[in-house]
Each structure stands twice: as structure tokens, then as C-alpha cells.
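Coordinates from protein-v8.txt are shown below (compact mmCIF, C-alpha atoms and all ligand atoms).
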```
# COMPACT_ATOMS: atom_id res chain seq x y z
CA MET A 82 0.00 0.00 0.00
CA THR A 83 1.34 3.39 -0.99
CA GLN A 84 1.93 5.76 1.91
CA THR A 85 1.26 9.44 1.22
CA ILE A 86 3.03 11.74 3.66
CA ALA A 87 2.46 15.50 3.68
CA LEU A 88 5.07 17.77 5.23
CA TYR A 89 2.84 20.50 6.52
CA SER A 90 2.59 23.32 9.04
CA ILE A 91 0.54 26.47 9.39
CA LYS A 92 3.77 28.33 10.11
CA GLY A 93 6.33 29.12 7.43
CA GLY A 94 10.06 28.47 7.62
CA VAL A 95 9.93 25.56 10.06
CA GLY A 96 11.74 22.90 8.00
CA LYS A 97 8.98 21.35 5.87
CA THR A 98 10.93 21.44 2.63
CA ALA A 99 14.17 20.30 4.25
CA ALA A 100 12.31 17.31 5.71
CA ALA A 101 10.41 16.50 2.50
CA VAL A 102 13.62 16.48 0.45
CA ASN A 103 15.67 14.44 2.91
CA LEU A 104 12.92 11.97 3.79
CA ALA A 105 12.11 11.32 0.12
CA HIS A 106 15.80 10.77 -0.55
CA ALA A 107 16.09 8.39 2.42
CA ALA A 108 13.05 6.37 1.26
CA ALA A 109 14.46 5.99 -2.25
CA ARG A 110 17.88 5.04 -0.86
CA ASP A 111 16.18 2.21 0.99
CA GLY A 112 14.90 0.87 -2.32
CA HIS A 113 11.33 2.19 -2.26
CA PRO A 114 10.04 3.80 -5.47
CA THR A 115 9.36 7.33 -4.22
CA LEU A 116 7.68 10.46 -5.57
CA LEU A 117 8.13 13.94 -4.14
CA CYS A 118 5.29 16.31 -5.07
CA ASP A 119 6.23 19.92 -4.70
CA LEU A 120 2.95 21.77 -4.14
CA ASP A 121 4.54 25.03 -3.03
CA PRO A 122 4.65 27.70 -5.77
CA GLN A 123 7.94 28.87 -4.19
CA GLY A 124 9.33 25.63 -5.68
CA ALA A 125 12.10 25.16 -3.10
CA ALA A 126 12.02 21.32 -3.21
CA SER A 127 12.21 21.43 -7.02
CA TYR A 128 15.15 23.83 -6.71
CA TYR A 129 17.02 21.45 -4.40
CA PHE A 130 16.67 18.69 -7.01
CA ARG A 131 17.65 21.03 -9.84
CA VAL A 132 14.35 20.43 -11.60
CA ARG A 133 11.83 22.82 -13.12
CA SER A 134 8.32 22.27 -14.40
CA ALA A 135 7.89 22.17 -18.16
CA ARG A 136 6.38 25.28 -19.66
CA LYS A 137 3.25 23.29 -20.52
CA PHE A 138 2.68 22.12 -16.97
CA GLY A 139 0.75 24.03 -14.35
CA ARG A 140 -2.22 24.13 -12.04
CA LYS A 141 -4.77 23.17 -14.69
CA LYS A 142 -2.87 20.07 -15.80
CA LEU A 143 -2.36 18.99 -12.20
CA LEU A 144 -6.07 19.34 -11.42
CA LYS A 145 -7.08 17.25 -14.44
CA GLY A 146 -5.04 14.40 -12.94
CA GLY A 147 -4.33 11.05 -14.60
CA LYS A 148 -1.80 10.38 -17.34
CA GLY A 149 -1.51 14.05 -18.25
CA VAL A 150 0.30 14.56 -14.95
CA ASP A 151 2.60 11.52 -15.36
CA LYS A 152 4.25 13.15 -18.36
CA HIS A 153 5.47 15.94 -16.12
CA ILE A 154 7.01 13.77 -13.42
CA LYS A 155 10.77 14.03 -13.65
CA GLY A 156 13.61 11.80 -12.58
CA THR A 157 16.22 13.10 -10.15
CA ASP A 158 19.92 12.32 -9.85
CA TYR A 159 18.95 9.65 -7.29
CA GLU A 160 17.78 6.18 -8.20
CA GLY A 161 14.16 5.48 -7.32
CA LEU A 162 13.34 9.12 -6.62
CA ASP A 163 11.09 11.12 -8.93
CA ILE A 164 9.68 14.59 -8.49
CA LEU A 165 6.60 16.40 -9.68
CA PRO A 166 7.97 19.93 -9.76
CA ALA A 167 6.00 22.94 -8.58
CA ASP A 168 4.80 25.62 -10.93
CA PHE A 169 4.22 29.26 -10.13
CA SER A 170 0.60 28.86 -11.27
CA TYR A 171 0.05 26.81 -8.08
CA ARG A 172 -0.38 30.10 -6.24
CA LYS A 173 -4.00 29.88 -7.38
CA LEU A 174 -4.48 26.17 -6.56
CA ASP A 175 -6.50 27.25 -3.61
CA VAL A 176 -9.06 29.21 -5.57
CA ALA A 177 -9.30 26.45 -8.16
CA LEU A 178 -9.90 23.74 -5.56
CA GLY A 179 -12.33 25.98 -3.69
CA ASP A 180 -14.99 26.01 -6.41
CA GLY A 181 -15.64 22.30 -5.75
CA SER A 182 -16.17 21.41 -9.41
CA ARG A 183 -12.85 19.64 -9.89
CA LYS A 184 -11.16 16.47 -8.77
CA THR A 185 -9.90 16.52 -5.21
CA LEU A 186 -6.22 16.07 -4.49
CA LYS A 187 -7.09 12.70 -2.96
CA GLU A 188 -8.41 11.54 -6.35
CA ILE A 189 -5.44 13.02 -8.18
CA PHE A 190 -2.91 11.43 -5.82
CA ARG A 191 -4.54 8.00 -5.94
CA HIS A 192 -3.22 7.74 -9.49
CA PHE A 193 0.37 7.63 -8.17
CA HIS A 194 -0.30 4.47 -6.18
CA ASP A 195 0.45 2.24 -9.17
CA ASP A 196 4.02 3.44 -9.49
CA TYR A 197 5.19 4.55 -6.06
CA GLU A 198 5.41 3.08 -2.58
CA TRP A 199 6.02 6.42 -0.89
CA VAL A 200 4.67 9.80 -1.93
CA PHE A 201 5.89 12.88 -0.05
CA ILE A 202 4.12 16.21 -0.46
CA ASP A 203 5.96 19.45 0.25
CA CYS A 204 3.19 21.88 1.24
CA PRO A 205 3.12 25.65 1.30
CA PRO A 206 2.54 27.17 4.76
CA ASN A 207 -0.85 28.47 5.90
CA ILE A 208 -4.23 26.84 6.38
CA THR A 209 -6.41 27.08 3.28
CA VAL A 210 -8.69 25.05 1.02
CA LEU A 211 -5.53 23.52 -0.43
CA SER A 212 -4.43 22.40 3.05
CA GLU A 213 -7.81 20.80 3.67
CA ASN A 214 -7.47 18.88 0.42
CA ILE A 215 -4.01 17.77 1.51
CA PHE A 216 -5.34 16.65 4.91
CA ARG A 217 -7.77 14.33 3.15
CA ALA A 218 -5.30 13.12 0.50
CA ALA A 219 -2.45 12.26 2.89
CA ASP A 220 -2.28 9.18 5.09
CA ARG A 221 -0.11 11.11 7.53
CA ILE A 222 0.53 14.79 8.04
CA VAL A 223 4.02 15.28 9.39
CA VAL A 224 4.41 18.63 11.12
CA PRO A 225 7.83 20.15 11.89
CA CYS A 226 7.67 22.20 15.09
CA ILE A 227 10.39 24.57 16.23
CA PRO A 228 10.27 24.25 20.02
CA THR A 229 9.06 27.74 20.93
CA THR A 230 5.87 28.74 22.72
CA LEU A 231 4.47 30.31 19.56
CA SER A 232 4.98 27.09 17.55
CA ALA A 233 3.29 25.14 20.29
CA LEU A 234 0.32 27.48 20.07
CA THR A 235 0.11 27.09 16.29
CA TYR A 236 0.27 23.34 16.70
CA THR A 237 -2.68 23.30 19.09
CA LYS A 238 -4.61 25.44 16.58
CA LEU A 239 -4.10 22.71 13.99
CA LEU A 240 -5.41 20.07 16.40
CA ASP A 241 -8.46 22.27 17.13
CA PHE A 242 -9.09 22.73 13.41
CA PHE A 243 -9.06 18.96 12.88
CA ALA A 244 -11.51 18.50 15.74
CA GLU A 245 -13.85 21.21 14.39
CA GLU A 246 -13.83 19.82 10.86
CA GLY A 247 -14.25 16.21 11.96
CA LEU A 248 -10.89 15.27 10.41
CA ASN A 249 -8.85 12.35 11.70
CA ARG A 250 -6.45 13.77 14.29
CA ASP A 251 -4.49 10.51 14.37
CA LYS A 252 -3.05 11.45 10.99
CA ILE A 253 -1.09 14.32 12.54
CA ILE A 254 2.49 13.42 13.45
CA PRO A 255 4.64 16.25 14.81
CA PHE A 256 8.38 16.29 15.28
CA PHE A 257 10.77 18.86 16.73
CA SER A 258 12.64 20.75 14.05
CA MET A 259 15.64 23.13 14.08
CA VAL A 260 16.29 22.26 17.71
CA GLU A 261 18.98 24.22 19.54
CA SER A 262 19.42 22.34 22.76
CA ARG A 263 21.63 25.07 24.27
CA LYS A 264 18.51 27.28 24.28
CA ARG A 265 16.59 26.94 27.50
CA MET A 266 13.26 27.69 25.83
CA HIS A 267 13.76 24.86 23.34
CA ARG A 268 14.49 22.41 26.14
CA GLU A 269 11.49 23.55 28.15
CA VAL A 270 9.04 23.42 25.26
CA ILE A 271 10.28 19.96 24.25
CA ASP A 272 9.83 18.70 27.82
CA ALA A 273 6.34 20.17 28.06
CA LEU A 274 5.08 18.96 24.67
CA SER A 275 6.67 15.54 24.57
CA GLY A 276 5.30 14.91 28.06
CA ASN A 277 1.77 15.30 26.66
CA ALA A 278 0.79 11.87 25.29
CA GLY A 279 -2.08 13.45 23.27
CA TYR A 280 0.38 15.37 21.10
CA ARG A 281 2.24 12.26 19.91
CA PHE A 282 5.58 13.82 19.00
CA LEU A 283 8.00 11.52 17.20
CA SER A 284 11.01 10.70 19.33
CA THR A 285 13.41 11.86 16.58
CA ALA A 286 14.23 15.57 16.62
CA ILE A 287 16.10 17.40 13.87
CA PRO A 288 18.79 19.68 15.33
CA TYR A 289 19.62 23.09 13.92
CA LEU A 290 22.61 22.30 11.70
CA ALA A 291 24.56 24.33 9.17
CA GLU A 292 24.62 21.36 6.76
CA VAL A 293 20.87 21.65 6.34
CA GLU A 294 21.15 25.36 5.59
CA ARG A 295 23.89 24.64 3.09
CA MET A 296 21.48 22.57 0.98
CA GLY A 297 20.60 25.90 -0.62
CA VAL A 298 24.13 26.05 -2.01
CA THR A 299 24.88 22.37 -2.67
CA ARG A 300 21.36 21.63 -3.99
CA MET A 301 21.64 18.08 -2.69
CA PRO A 302 19.97 16.12 0.09
CA VAL A 303 22.24 16.02 3.14
CA ALA A 304 22.90 12.26 2.82
CA ALA A 305 24.07 12.76 -0.76
CA GLN A 306 26.67 15.26 0.50
CA HIS A 307 27.88 13.29 3.52
CA PRO A 308 25.99 10.10 4.40
CA SER A 309 27.57 9.99 7.86
CA SER A 310 27.03 13.66 8.77
CA ARG A 311 24.92 14.54 11.80
CA ALA A 312 22.18 15.96 9.58
CA ALA A 313 22.10 12.86 7.37
CA ARG A 314 21.88 10.63 10.43
CA ALA A 315 19.10 12.73 11.93
CA TYR A 316 16.92 12.58 8.81
CA ARG A 317 17.63 8.87 8.42
CA GLU A 318 16.44 8.29 11.96
CA LEU A 319 13.32 10.36 11.21
CA TRP A 320 12.69 8.27 8.10
CA LEU A 321 13.14 4.98 9.99
CA GLU A 322 10.74 6.13 12.68
CA LEU A 323 8.14 7.13 10.08
CA ARG A 324 8.60 3.97 8.07
CA GLY A 325 8.17 1.83 11.15
CA PRO A 326 9.45 -1.70 11.71
CA HIS A 327 6.75 -3.32 9.54
CA ARG A 328 8.05 -1.64 6.39
CA SER A 329 11.57 -3.03 6.32
CA GLY A 330 12.93 -4.15 3.01
N1 LIG B 1 17.54 21.62 10.75
C1 LIG B 1 17.89 22.78 10.21
N2 LIG B 1 19.03 23.38 10.57
C2 LIG B 1 19.42 24.57 10.02
N3 LIG B 1 18.74 25.21 9.08
C3 LIG B 1 17.58 24.65 8.67
C4 LIG B 1 17.08 23.41 9.21
N4 LIG B 1 15.90 23.11 8.61
C5 LIG B 1 15.68 24.10 7.73
N5 LIG B 1 16.67 25.02 7.75
C6 LIG B 1 16.80 26.26 6.96
O1 LIG B 1 15.75 27.12 7.36
C7 LIG B 1 15.11 27.71 6.24
C8 LIG B 1 13.65 27.26 6.19
O2 LIG B 1 13.62 25.85 6.01
P1 LIG B 1 12.59 25.17 5.01
O3 LIG B 1 12.62 25.85 3.70
O4 LIG B 1 12.82 23.71 5.03
O5 LIG B 1 11.24 25.54 5.78
P2 LIG B 1 9.75 25.49 5.23
O6 LIG B 1 8.91 25.17 6.41
O7 LIG B 1 9.66 24.60 4.06
O8 LIG B 1 9.54 27.02 4.77
P3 LIG B 1 8.30 27.58 3.88
O9 LIG B 1 7.16 27.70 4.85
O10 LIG B 1 8.80 28.91 3.41
O11 LIG B 1 8.04 26.61 2.79
C9 LIG B 1 15.92 27.28 5.03
O12 LIG B 1 16.88 28.26 4.76
C10 LIG B 1 16.58 25.99 5.49
O13 LIG B 1 17.81 25.79 4.85
MG MG B 2 8.96 24.98 2.12
```

Show me this structure written as C-alpha cells.
Amino acid sequence: MTQTIALYSIKGGVGKTAAAVNLAHAAARDGHPTLLCDLDPQGAASYYFRVRSARKFGRKKLLKGGKGVDKHIKGTDYEGLDILPADFSYRKLDVALGDGSRKTLKEIFRHFHDDYEWVFIDCPPNITVLSENIFRAADRIVVPCIPTTLSALTYTKLLDFFAEEGLNRDKIIPFFSMVESRKRMHREVIDALSGNAGYRFLSTAIPYLAEVERMGVTRMPVAAQHPSSRAARAYRELWLELRGPHRSG
């Protein structure tokens, strides 16, 4: 069964794209056919993989779904890892999905199940009609959280939204991102949130590391630069925790 994982948060700049890129790379490295869908018109994930959408591809093609989308999936430099690059026209995906007359993302993404075992979605920040579509399309919604009081507040807002809309809260899987353990506030927020069983934080945290920042220059996943670096090991651990023991092989 294909697993569709959205990297999502209401807040911007929390490490969604860094996680999407490195988790997708880790999944492919483990031999799983993997697709990374870049749904953010900023196109940062596409940039990291040195890929751009074709001029003929955009929001309308994506929303039609089916084989018309397959043509625009591109290979990366890494075996087993493909990417559906973002297009700037995605800035209006929200409006297009909002009119209710088109396919939902869930229907569009189902088409990828034939070819891929893991599908990662890099989401734009914010909470919109597009996010709601993503919540329904994804099996799990992985939320990077910088351990500050404001992030914690935003995270509880997401849980409230799921409760109000009758969405499945169990899909939400948070992890601590850009952790600076020398900062007292980070330590305190981690203690407080991970002590709350209802929040279900993953045990893997991604530290704040220059290697991750440098991806903007190297345009490579961290494990492709240095497989044994701290950043590569941290994302690998995150991947193994997400994959779970039942998915070995
Ligand atoms: N663990 C980390 N350590 C150091 N820098 C990081 C880490 N994770 C992300 N960054 C850097 O922080 C910035 C924001 O990260 P990223 O683009 O992954 O966040 P995002 O949540 O996808 O942002 P947006 O909401 O704009 O899409 C980038 O410059 C990235 O290189
Ligand atoms: Mg991003």
C-alpha cells in the first residue's frame, strides 16, 4: 500500500521542505520507489533537485489528474526518486480547488499508487482550502515544530481545526525541528510537549545544523553530500521512525 506523507505546518520556515527532500531521498535510498510532489509555488524542493516544471505544466494540468500529470514527473539524480515539480501557477491552486467542481487532491494522488510506494508532499505554509485537500489526501501529516511557545500554540490550533472539521487527528504526526538544545526555551518546550501523550511527538528531533542550511548552495539532500554527517543521520532516523518496523525491506 502506498503511503502518502504530507510535510505540513501552518507556520512558514519551520523545515517542511528540508524534511520533504531528505525523507524522500532516504526512502528511495532504501529501495522504495518514491515520488516527491512539490505543491509550493515557491518551488524550493524542485530547486534542491535542480528540476523545473515544463512550460506546458501548471495548475490546470495537475487538477485534471491522470496520465496528463505523469508526463510531467521528472527523474532526479537519485535512483528510485522522482519529483513532480512545482509551478508558479500553483499560487491559485486554492481558488481552483475551492470552487468544488474539480477532482480533489485525494483523487489526483490516488493515481500515483500504481508506481510509487512512498509519496511525499511538500506543502506551502498556511491553512487554506488547499491544506484541507491535503489533509484528506495524505495518510499522515508530518508537522515540523520549532520548540518555541508560539509554535506550540500554532500546533494546538491545527489540532483544534481537525476536531472542528471532523478530520482524523491521528493522521497528525509532529516532530521537533531546528532544535537548539543550548537554548533553554527549546528544552522547556520539548519537555512540556513531549510529556503530553495526546500530542504524539516523534522521538526523533532534527537539530539546527549548518549542513541543512547549506542545501541551498549544494542543492543536494544532506545524505548525498555526507551520508555519515549529523544531519544525514538525523533525517535517516526520522525516516526509519516514520517507516516503522513493519516496512523493512
Ligand atoms: N535543521 C535545520 N538546521 C538549520 N537550518 C535549517 C534546518 N531546517 C531548515 N533550515 C533552513 O531554514 C530555512 C527554512 O527551512 P525550510 O525551507 O525547510 O522551511 P519550510 O517550512 O519549508 O519554509 P516555507 O514555509 O517557506 O516553505 C531554510 O533556509 C533551510 O535551509
Ligand atoms: Mg517549504

Surrounding residues as an NGL selection string, ligand MG 2 (chain B), max 10 Å, all atoms listed in the file = :A and (88-90 or 93-102 or 119-126 or 203-206)

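Atom to atom, atom CA of Val298 of chain A and atom CA of Arg133 of chain A stand 16.9 Å apart.
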
Dig up all the protein and nucleic acid residues within 12 Å of (20.4, 26.5, -12.3) in the file frame, using all atoms listed in the file, and format them as a short mmCIF file (atom, residue, chain, number, x, y, z; two decimals) with C-alpha atoms, in the coordinates of the input.
```cif
data_model
loop_
_atom_site.label_atom_id
_atom_site.label_comp_id
_atom_site.auth_asym_id
_atom_site.auth_seq_id
_atom_site.Cartn_x
_atom_site.Cartn_y
_atom_site.Cartn_z
CA SER A 127 12.21 21.43 -7.02
CA TYR A 128 15.15 23.83 -6.71
CA TYR A 129 17.02 21.45 -4.40
CA PHE A 130 16.67 18.69 -7.01
CA ARG A 131 17.65 21.03 -9.84
CA VAL A 132 14.35 20.43 -11.60
CA ARG A 133 11.83 22.82 -13.12
CA GLY A 297 20.60 25.90 -0.62
CA VAL A 298 24.13 26.05 -2.01
CA THR A 299 24.88 22.37 -2.67
CA ARG A 300 21.36 21.63 -3.99
#
```

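Nearest residue to Ile222 of chain A, choosing from A:Met266, A:Ile254, A:Met296, A:Ile287 and counting only C-alpha atoms: A:Ile254.
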
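In this model, the gap between atom CA of Glu322 of chain A and atom CA of Thr83 of chain A comes to 16.8 Å.
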
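Residues with any atom within 7 Å of the point (11.2, 3.7, -6.3), counting only C-alpha atoms, are Ala109, Gly112, His113, Pro114, Thr115, Gly161, Leu162, Tyr197 and Glu198 of chain A.
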
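With all atoms listed in the file as the atoms that count, the minimum distance from Tyr289 of chain A to the choices A:Leu211, A:Val260, A:Cys226, A:Ala167 is reached by A:Val260.
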
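Checking A:Ala305, A:Leu234, A:Ile208, A:Ile189 one by one against ligand LIG 1 (chain B), counting all atoms listed in the file, you find the shortest gap at A:Ile208.
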
Between atom CA of Ala105 of chain A and atom CA of Leu323 of chain A, what is the spacing in Å?
-> 11.5 Å

Centre and size of axis-aligned box enclosing ligand LIG 1 (chain B) plus 8 Å each side, as AutoDock Vina command-line options:
```
--center_x 13.3 --center_y 25.3 --center_z 6.8 --size_x 28.3 --size_y 23.3 --size_z 24.0
```

Go through A:Lys142, A:Ala177, A:Phe193, A:Ile91 one by one, measure the shortest atom-to-atom distance of each to Cys118 of chain A using only C-alpha atoms, and give the residue with the smallest value.
-> A:Phe193

Can you pull out every residue within 9 Å of Ala135 of chain A, counting only C-alpha atoms, but drop anything in the same chain fewer than 6 positions away, and send it as a short mmCIF file (atom, residue, chain, number, x, y, z; two decimals) with C-alpha atoms, in the frame of the given file?
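Listing of selection-v5.cif after writing:
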```cif
data_model
loop_
_atom_site.label_atom_id
_atom_site.label_comp_id
_atom_site.auth_asym_id
_atom_site.auth_seq_id
_atom_site.Cartn_x
_atom_site.Cartn_y
_atom_site.Cartn_z
CA HIS A 153 5.47 15.94 -16.12
CA PRO A 166 7.97 19.93 -9.76
CA ASP A 168 4.80 25.62 -10.93
#
```

Have a look at A:Arg110, A:Lys92, A:Arg136, A:Arg317 and name the one nearest to Val224 of chain A; count all atoms listed in the file.
-> A:Lys92

Hey, which of A:Val270, A:Met259, A:Leu186, A:Val223 ends up closest to ligand LIG 1 (chain B)? Count only C-alpha atoms and all ligand atoms.
-> A:Met259

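Using all atoms listed in the file, the protein and nucleic acid residues lying no more than 9 Å from Lys252 of chain A, apart from those fewer than 4 places from it along its own chain, are Phe216, Ala219, Asp220, Arg221, Ile222, Val223 and Leu248 of chain A.
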
Do a neighbour search on Pro225 of chain A at 6 Å with all atoms listed in the file, toss out local chain neighbours closer than 3 positions, and write the hits as a list in words.
-> Pro255, Phe256, Phe257 and Ser258 of chain A

Write segment 204-220 of chain A as a PDB file, in the frame of the given file, completed to N, CA, C and O atoms.
```pdb
ATOM      1  N   CYS A 204       4.326  20.951   1.250  1.00  0.00           N
ATOM      2  CA  CYS A 204       3.190  21.880   1.240  1.00  0.00           C
ATOM      3  C   CYS A 204       3.640  23.316   1.473  1.00  0.00           C
ATOM      4  O   CYS A 204       4.595  23.550   2.211  1.00  0.00           O
ATOM      5  N   PRO A 205       2.888  24.253   0.912  1.00  0.00           N
ATOM      6  CA  PRO A 205       3.120  25.650   1.300  1.00  0.00           C
ATOM      7  C   PRO A 205       2.586  25.866   2.716  1.00  0.00           C
ATOM      8  O   PRO A 205       1.726  25.109   3.166  1.00  0.00           O
ATOM      9  N   PRO A 206       3.090  26.902   3.423  1.00  0.00           N
ATOM     10  CA  PRO A 206       2.540  27.170   4.760  1.00  0.00           C
ATOM     11  C   PRO A 206       1.121  27.725   4.663  1.00  0.00           C
ATOM     12  O   PRO A 206       0.654  27.973   3.557  1.00  0.00           O
ATOM     13  N   ASN A 207       0.497  27.897   5.821  1.00  0.00           N
ATOM     14  CA  ASN A 207      -0.850  28.470   5.900  1.00  0.00           C
ATOM     15  C   ASN A 207      -1.922  27.394   6.030  1.00  0.00           C
ATOM     16  O   ASN A 207      -1.619  26.207   5.903  1.00  0.00           O
ATOM     17  N   ILE A 208      -3.145  27.812   6.282  1.00  0.00           N
ATOM     18  CA  ILE A 208      -4.230  26.840   6.380  1.00  0.00           C
ATOM     19  C   ILE A 208      -5.361  27.317   5.476  1.00  0.00           C
ATOM     20  O   ILE A 208      -5.990  28.330   5.741  1.00  0.00           O
ATOM     21  N   THR A 209      -5.542  26.608   4.367  1.00  0.00           N
ATOM     22  CA  THR A 209      -6.410  27.080   3.280  1.00  0.00           C
ATOM     23  C   THR A 209      -7.205  25.884   2.737  1.00  0.00           C
ATOM     24  O   THR A 209      -7.097  24.773   3.248  1.00  0.00           O
ATOM     25  N   VAL A 210      -7.954  26.146   1.669  1.00  0.00           N
ATOM     26  CA  VAL A 210      -8.690  25.050   1.020  1.00  0.00           C
ATOM     27  C   VAL A 210      -7.706  23.991   0.507  1.00  0.00           C
ATOM     28  O   VAL A 210      -7.970  22.794   0.571  1.00  0.00           O
ATOM     29  N   LEU A 211      -6.553  24.465   0.039  1.00  0.00           N
ATOM     30  CA  LEU A 211      -5.530  23.520  -0.430  1.00  0.00           C
ATOM     31  C   LEU A 211      -5.087  22.625   0.737  1.00  0.00           C
ATOM     32  O   LEU A 211      -5.002  21.403   0.587  1.00  0.00           O
ATOM     33  N   SER A 212      -4.857  23.227   1.903  1.00  0.00           N
ATOM     34  CA  SER A 212      -4.430  22.400   3.050  1.00  0.00           C
ATOM     35  C   SER A 212      -5.491  21.364   3.377  1.00  0.00           C
ATOM     36  O   SER A 212      -5.166  20.213   3.661  1.00  0.00           O
ATOM     37  N   GLU A 213      -6.747  21.763   3.337  1.00  0.00           N
ATOM     38  CA  GLU A 213      -7.810  20.800   3.670  1.00  0.00           C
ATOM     39  C   GLU A 213      -7.820  19.633   2.694  1.00  0.00           C
ATOM     40  O   GLU A 213      -8.032  18.493   3.077  1.00  0.00           O
ATOM     41  N   ASN A 214      -7.567  19.941   1.425  1.00  0.00           N
ATOM     42  CA  ASN A 214      -7.470  18.880   0.420  1.00  0.00           C
ATOM     43  C   ASN A 214      -6.294  17.951   0.742  1.00  0.00           C
ATOM     44  O   ASN A 214      -6.395  16.740   0.591  1.00  0.00           O
ATOM     45  N   ILE A 215      -5.199  18.561   1.169  1.00  0.00           N
ATOM     46  CA  ILE A 215      -4.010  17.770   1.510  1.00  0.00           C
ATOM     47  C   ILE A 215      -4.305  16.884   2.722  1.00  0.00           C
ATOM     48  O   ILE A 215      -3.926  15.711   2.750  1.00  0.00           O
ATOM     49  N   PHE A 216      -5.024  17.432   3.705  1.00  0.00           N
ATOM     50  CA  PHE A 216      -5.340  16.650   4.910  1.00  0.00           C
ATOM     51  C   PHE A 216      -6.122  15.388   4.543  1.00  0.00           C
ATOM     52  O   PHE A 216      -5.986  14.358   5.184  1.00  0.00           O
ATOM     53  N   ARG A 217      -6.963  15.500   3.543  1.00  0.00           N
ATOM     54  CA  ARG A 217      -7.770  14.330   3.150  1.00  0.00           C
ATOM     55  C   ARG A 217      -6.961  13.386   2.260  1.00  0.00           C
ATOM     56  O   ARG A 217      -7.150  12.168   2.294  1.00  0.00           O
ATOM     57  N   ALA A 218      -6.059  13.943   1.453  1.00  0.00           N
ATOM     58  CA  ALA A 218      -5.300  13.120   0.500  1.00  0.00           C
ATOM     59  C   ALA A 218      -4.186  12.325   1.194  1.00  0.00           C
ATOM     60  O   ALA A 218      -3.823  11.234   0.751  1.00  0.00           O
ATOM     61  N   ALA A 219      -3.630  12.879   2.274  1.00  0.00           N
ATOM     62  CA  ALA A 219      -2.450  12.260   2.890  1.00  0.00           C
ATOM     63  C   ALA A 219      -2.866  11.214   3.925  1.00  0.00           C
ATOM     64  O   ALA A 219      -3.876  11.359   4.609  1.00  0.00           O
ATOM     65  N   ASP A 220      -2.062  10.164   4.018  1.00  0.00           N
ATOM     66  CA  ASP A 220      -2.280   9.180   5.090  1.00  0.00           C
ATOM     67  C   ASP A 220      -1.776   9.740   6.408  1.00  0.00           C
ATOM     68  O   ASP A 220      -2.328   9.464   7.455  1.00  0.00           O
TER      69      ASP A 220
END
```
